[in-house]
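Asker: One structure is given below, represented as structure tokens, and several questions about it will come after.
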Amino acid sequence: DQGKIWMWGGTAMFAAAAAAAAPTKAADCEQDKKKVEKLKLDRLPEQPVTLYQYDVCPFCNKVKAFFDYNKIPYRVVEVNPLTKSEIKGLDAKKVPIVVVEGKGQMSESDDIIDEFSRVIEEGKPKSWFSRNDSKDAEDQDKWRKWVGQKYVRVITVNIYQTVNESFETFNYIADQGNFNYFSREAARYTGAGMMYVISKRMKKKYDIGDERKALYEATAEWVEAMEGKKFQGGDSPDLSDLSVFGILRAVKGFQTFREMLENTNIGPWYERMQEAVGASSQVSS
């Protein structure tokens with residue numbers, strides 16, 4: 001259950017503050033198995049949706065990449081990982097959470113993406129000339145599962161590989177104006193320490209040896225699977241492209257990202273994705 005095991009950034013801050021929480025209960029990034037009724041959309045929202053997030057949560061960044069690519073306006077509410085006061089009135093208790101004005105709430109990154117994608121696809125004109133849609137969908141689903149079951153794990157143990165890298169990952173909290181000084185510093189120090197320890201347990205549990213080697217091999221697997229195509233989706237990105245891009249964009253500027261670019265061939269694909277996704281669709285609150 002990735003919702004109970006995998007989380008980045010703010011998740012660990014909450015876990016560290018709540019000392020009684022066990023590591024397997026620490027994850028607040030991605031919904032757990034508590035049932036939250038899925039929202040069905042009849043059309044794309046006319047007003048910007050609201051995304052409740054942790055800035056470096058991989059699942060939140062998957063959703064943002066999808067919204068940006070499809071030019072769906074959204075507002076961001078950064079959740080205080082110590083108090084989570086911003087989401088106390090919501091049904092879902094783990095980010096990402098999307099609120100659609102006048103409709104309701106959505107949770108879990110793949111469910112959010114799937115529902116918006118369904119509405120977008122249903123709005124497109126049908127064509128007699130199309131690729132093998134069933135095979136495309138099968139390949140896309142395979143790589144989306146790979147992202148959640150493998151790539152997120154590998155990225156996570158890398159960005160918390162050392163104490164210094166753990167602190168680097170938590171530096172984002174200093175820019176959050178809705179957190180007071182005490183909350184920011186408590187989150188930074190306790191969160192970085194907690195995630196450093198948890199990442200070592202994750203590494204052992206999933207038999208990940210050398211962190212960087214595992215990252216380079218997984219990244220090479222992704223690039224090689226494109227077989228010379230521009231994107232995994234062919235001439236244009238599919239949902240698996242957007243998922244990987246969103247996760248990597250979350251760690252851009254980190255030591256892990258820099259070393260990955262230096263030691264793999266993912267750079268050209270990442271640059272193509274930046275161009276394809278374009279400017280952020282985020283609007284001010």
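Residue names in the structure tokens use chain letters A, B, ... in the order shown, residue numbers from 1 in each chain, and ligand numbers from 1 in the order shown.
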When DSSP works through the backbone of this structure, what residues of segment 72-263 of chain A end up as alpha helix (DSSP H), shown as a ChimeraX atom specification?

Answerer: /A:109-122,133-146,152-159,163-170,181-205,211-225,239-250,255-263

Asker: Can you tell me, as a list in words, what residues are no more than 7 Å from segment 103-111 of chain A when counting only C-alpha atoms, ignoring any on the same chain fewer than 2 positions away?

Answerer: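 Contacts, with the query itself left out: Glu30, Gln31, Lys38, Leu39, Phe59, Cys60, Lys62, Val63, Ala92, Pro96, Ile97, Val98, Val99, Val100, Glu101, Ile113, Asp114 and Glu115 of chain A.
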
Asker: Write to file, as a PDB file, in the first residue's frame, the residues of the selection just made, with N, CA, C and O atoms.

Answerer:
```
ATOM      1  N   GLU A  30      -0.659  10.841  -0.457  1.00  0.00           N
ATOM      2  CA  GLU A  30      -1.475   9.857  -1.162  1.00  0.00           C
ATOM      3  C   GLU A  30      -2.437   9.227  -0.167  1.00  0.00           C
ATOM      4  O   GLU A  30      -2.098   8.969   0.987  1.00  0.00           O
ATOM      5  N   GLN A  31      -3.631   8.992  -0.607  1.00  0.00           N
ATOM      6  CA  GLN A  31      -4.705   8.531   0.268  1.00  0.00           C
ATOM      7  C   GLN A  31      -4.497   7.095   0.720  1.00  0.00           C
ATOM      8  O   GLN A  31      -3.992   6.269  -0.020  1.00  0.00           O
ATOM      9  N   LYS A  38     -15.709   8.555  -4.874  1.00  0.00           N
ATOM     10  CA  LYS A  38     -15.076   9.166  -6.035  1.00  0.00           C
ATOM     11  C   LYS A  38     -16.036  10.142  -6.703  1.00  0.00           C
ATOM     12  O   LYS A  38     -17.204   9.831  -6.921  1.00  0.00           O
ATOM     13  N   LEU A  39     -15.507  11.304  -7.037  1.00  0.00           N
ATOM     14  CA  LEU A  39     -16.298  12.342  -7.693  1.00  0.00           C
ATOM     15  C   LEU A  39     -16.296  12.109  -9.195  1.00  0.00           C
ATOM     16  O   LEU A  39     -15.251  11.868  -9.798  1.00  0.00           O
ATOM     17  N   PHE A  59       3.258  12.516  -5.623  1.00  0.00           N
ATOM     18  CA  PHE A  59       1.917  12.307  -6.148  1.00  0.00           C
ATOM     19  C   PHE A  59       1.225  13.640  -6.441  1.00  0.00           C
ATOM     20  O   PHE A  59       0.485  13.772  -7.414  1.00  0.00           O
ATOM     21  N   CYS A  60       1.488  14.637  -5.601  1.00  0.00           N
ATOM     22  CA  CYS A  60       0.968  15.980  -5.858  1.00  0.00           C
ATOM     23  C   CYS A  60       1.558  16.542  -7.151  1.00  0.00           C
ATOM     24  O   CYS A  60       0.874  17.183  -7.947  1.00  0.00           O
ATOM     25  N   LYS A  62       2.661  14.833  -9.709  1.00  0.00           N
ATOM     26  CA  LYS A  62       2.065  14.155 -10.856  1.00  0.00           C
ATOM     27  C   LYS A  62       0.806  14.894 -11.296  1.00  0.00           C
ATOM     28  O   LYS A  62       0.595  15.131 -12.496  1.00  0.00           O
ATOM     29  N   VAL A  63      -0.028  15.259 -10.330  1.00  0.00           N
ATOM     30  CA  VAL A  63      -1.279  15.966 -10.632  1.00  0.00           C
ATOM     31  C   VAL A  63      -0.986  17.335 -11.250  1.00  0.00           C
ATOM     32  O   VAL A  63      -1.614  17.729 -12.240  1.00  0.00           O
ATOM     33  N   ALA A  92     -11.099  13.582   2.649  1.00  0.00           N
ATOM     34  CA  ALA A  92      -9.800  12.924   2.513  1.00  0.00           C
ATOM     35  C   ALA A  92      -8.823  13.537   3.504  1.00  0.00           C
ATOM     36  O   ALA A  92      -8.893  14.720   3.813  1.00  0.00           O
ATOM     37  N   PRO A  96      -2.406  14.138  -2.423  1.00  0.00           N
ATOM     38  CA  PRO A  96      -3.104  15.314  -2.952  1.00  0.00           C
ATOM     39  C   PRO A  96      -4.620  15.201  -2.813  1.00  0.00           C
ATOM     40  O   PRO A  96      -5.189  14.126  -2.943  1.00  0.00           O
ATOM     41  N   ILE A  97      -5.229  16.354  -2.573  1.00  0.00           N
ATOM     42  CA  ILE A  97      -6.688  16.476  -2.556  1.00  0.00           C
ATOM     43  C   ILE A  97      -7.050  17.605  -3.506  1.00  0.00           C
ATOM     44  O   ILE A  97      -6.471  18.687  -3.437  1.00  0.00           O
ATOM     45  N   VAL A  98      -7.993  17.365  -4.378  1.00  0.00           N
ATOM     46  CA  VAL A  98      -8.475  18.390  -5.300  1.00  0.00           C
ATOM     47  C   VAL A  98      -9.930  18.683  -4.968  1.00  0.00           C
ATOM     48  O   VAL A  98     -10.749  17.761  -4.856  1.00  0.00           O
ATOM     49  N   VAL A  99     -10.234  19.952  -4.807  1.00  0.00           N
ATOM     50  CA  VAL A  99     -11.612  20.381  -4.555  1.00  0.00           C
ATOM     51  C   VAL A  99     -12.118  21.102  -5.783  1.00  0.00           C
ATOM     52  O   VAL A  99     -11.495  22.061  -6.267  1.00  0.00           O
ATOM     53  N   VAL A 100     -13.234  20.627  -6.318  1.00  0.00           N
ATOM     54  CA  VAL A 100     -13.872  21.237  -7.476  1.00  0.00           C
ATOM     55  C   VAL A 100     -15.077  22.020  -6.980  1.00  0.00           C
ATOM     56  O   VAL A 100     -15.997  21.443  -6.392  1.00  0.00           O
ATOM     57  N   GLU A 101     -15.053  23.314  -7.188  1.00  0.00           N
ATOM     58  CA  GLU A 101     -16.107  24.185  -6.670  1.00  0.00           C
ATOM     59  C   GLU A 101     -17.486  23.734  -7.145  1.00  0.00           C
ATOM     60  O   GLU A 101     -17.708  23.524  -8.335  1.00  0.00           O
ATOM     61  N   ILE A 113      -6.233  12.101 -11.875  1.00  0.00           N
ATOM     62  CA  ILE A 113      -5.792  12.187 -13.266  1.00  0.00           C
ATOM     63  C   ILE A 113      -6.722  11.408 -14.181  1.00  0.00           C
ATOM     64  O   ILE A 113      -7.099  11.877 -15.261  1.00  0.00           O
ATOM     65  N   ASP A 114      -7.122  10.219 -13.757  1.00  0.00           N
ATOM     66  CA  ASP A 114      -8.000   9.386 -14.594  1.00  0.00           C
ATOM     67  C   ASP A 114      -9.337  10.080 -14.866  1.00  0.00           C
ATOM     68  O   ASP A 114      -9.857  10.021 -15.987  1.00  0.00           O
ATOM     69  N   GLU A 115      -9.910  10.719 -13.852  1.00  0.00           N
ATOM     70  CA  GLU A 115     -11.214  11.338 -14.026  1.00  0.00           C
ATOM     71  C   GLU A 115     -11.138  12.555 -14.943  1.00  0.00           C
ATOM     72  O   GLU A 115     -11.970  12.715 -15.851  1.00  0.00           O
TER      73      GLU A 115
END
```

Asker: Rounded to one decimal in Å, what is the spacing between atom CA of Lys88 of chain A and atom CA of Gln282 of chain A?

Answerer: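 Atom CA of Gln282 of chain A lies at a distance of 23.1 Å from atom CA of Lys88 of chain A.
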
Asker: Which residues are close to Val157 of chain A, i.e. within 9 Å by only C-alpha atoms, leaving aside same-chain residues fewer than 5 positions away? Reply as a list in words.

Answerer: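 The residues that qualify are Val152, Tyr196, Ile198, Ser199, Lys200, Met202, Lys203, Ile208 and Glu211 of chain A.
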
Asker: Go ahead and write the selection's residues with C-alpha atoms as a tab-separated table (two decimals), in the first residue's frame.

Answerer:
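The result, written out as result_20.tsv:
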```tsv
chain	number	residue	atom	x	y	z
A	152	VAL	CA	9.02	6.60	-6.61
A	196	TYR	CA	16.70	9.74	6.68
A	198	ILE	CA	12.80	5.73	7.19
A	199	SER	CA	14.61	5.77	3.82
A	200	LYS	CA	17.16	3.31	5.21
A	202	MET	CA	12.74	1.33	2.87
A	203	LYS	CA	16.05	0.54	1.20
A	208	ILE	CA	17.77	-1.60	-2.92
A	211	GLU	CA	20.98	4.05	-4.21
```

Asker: What's the 12 Å shell around Met226 of chain A, counting only C-alpha atoms, without same-chain residues fewer than 4 positions away, as an NGL selection string?

Answerer: :A and (139-140 or 143 or 219-222 or 230-238 or 240-241 or 265-266 or 269)

Asker: Could you state the separation of atom CA of Asn61 of chain A and atom CA of Asp91 of chain A in Å, given to one decimal place?

Answerer: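 Going from atom CA of Asn61 of chain A over to atom CA of Asp91 of chain A covers 20.9 Å.
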
Asker: Given only C-alpha atoms as the basis, pick out the residue of A:Phe245, A:Trp146, A:Phe116, A:Phe254 nearest to Arg272 of chain A.

Answerer: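 Once distances to Arg272 of chain A are computed over only C-alpha atoms, the minimum belongs to A:Phe245.
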
Asker: Among segment 33-263 of chain A, which ones does DSSP place in strand (DSSP E or B), written as number ranges by chain?

Answerer: A: 49-53, 74-78, 95, 97-100, 104-107, 231, 234

Asker: Any idea what the distance is between atom CA of Asn70 of chain A and atom CA of Ala276 of chain A?

Answerer: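 These two atoms are separated by 10.2 Å.
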
Asker: Counting only C-alpha atoms, which residue out of A:Tyr69, A:Tyr52, A:Ile159, A:Tyr181 sits closest to Ser85 of chain A?

Answerer: A:Tyr52

Asker: Kindly indicate which residue among A:Gly148, A:Pro81, A:Pro268, A:Gly278 lies nearest to Ala187 of chain A, using only C-alpha atoms for the distances.

Answerer: A:Pro81

Asker: Find, counting only C-alpha atoms, the residue in A:Arg184, A:Lys142, A:Asp42, A:Gln255 that gets nearest to Ser117 of chain A.

Answerer: A:Asp42

Asker: For Asp136 of chain A, which of A:Leu239, A:Ile72, A:Val277, A:Ile87 is the closest residue, counting only C-alpha atoms?

Answerer: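 Of all the options, A:Leu239 lies closest to Asp136 of chain A.
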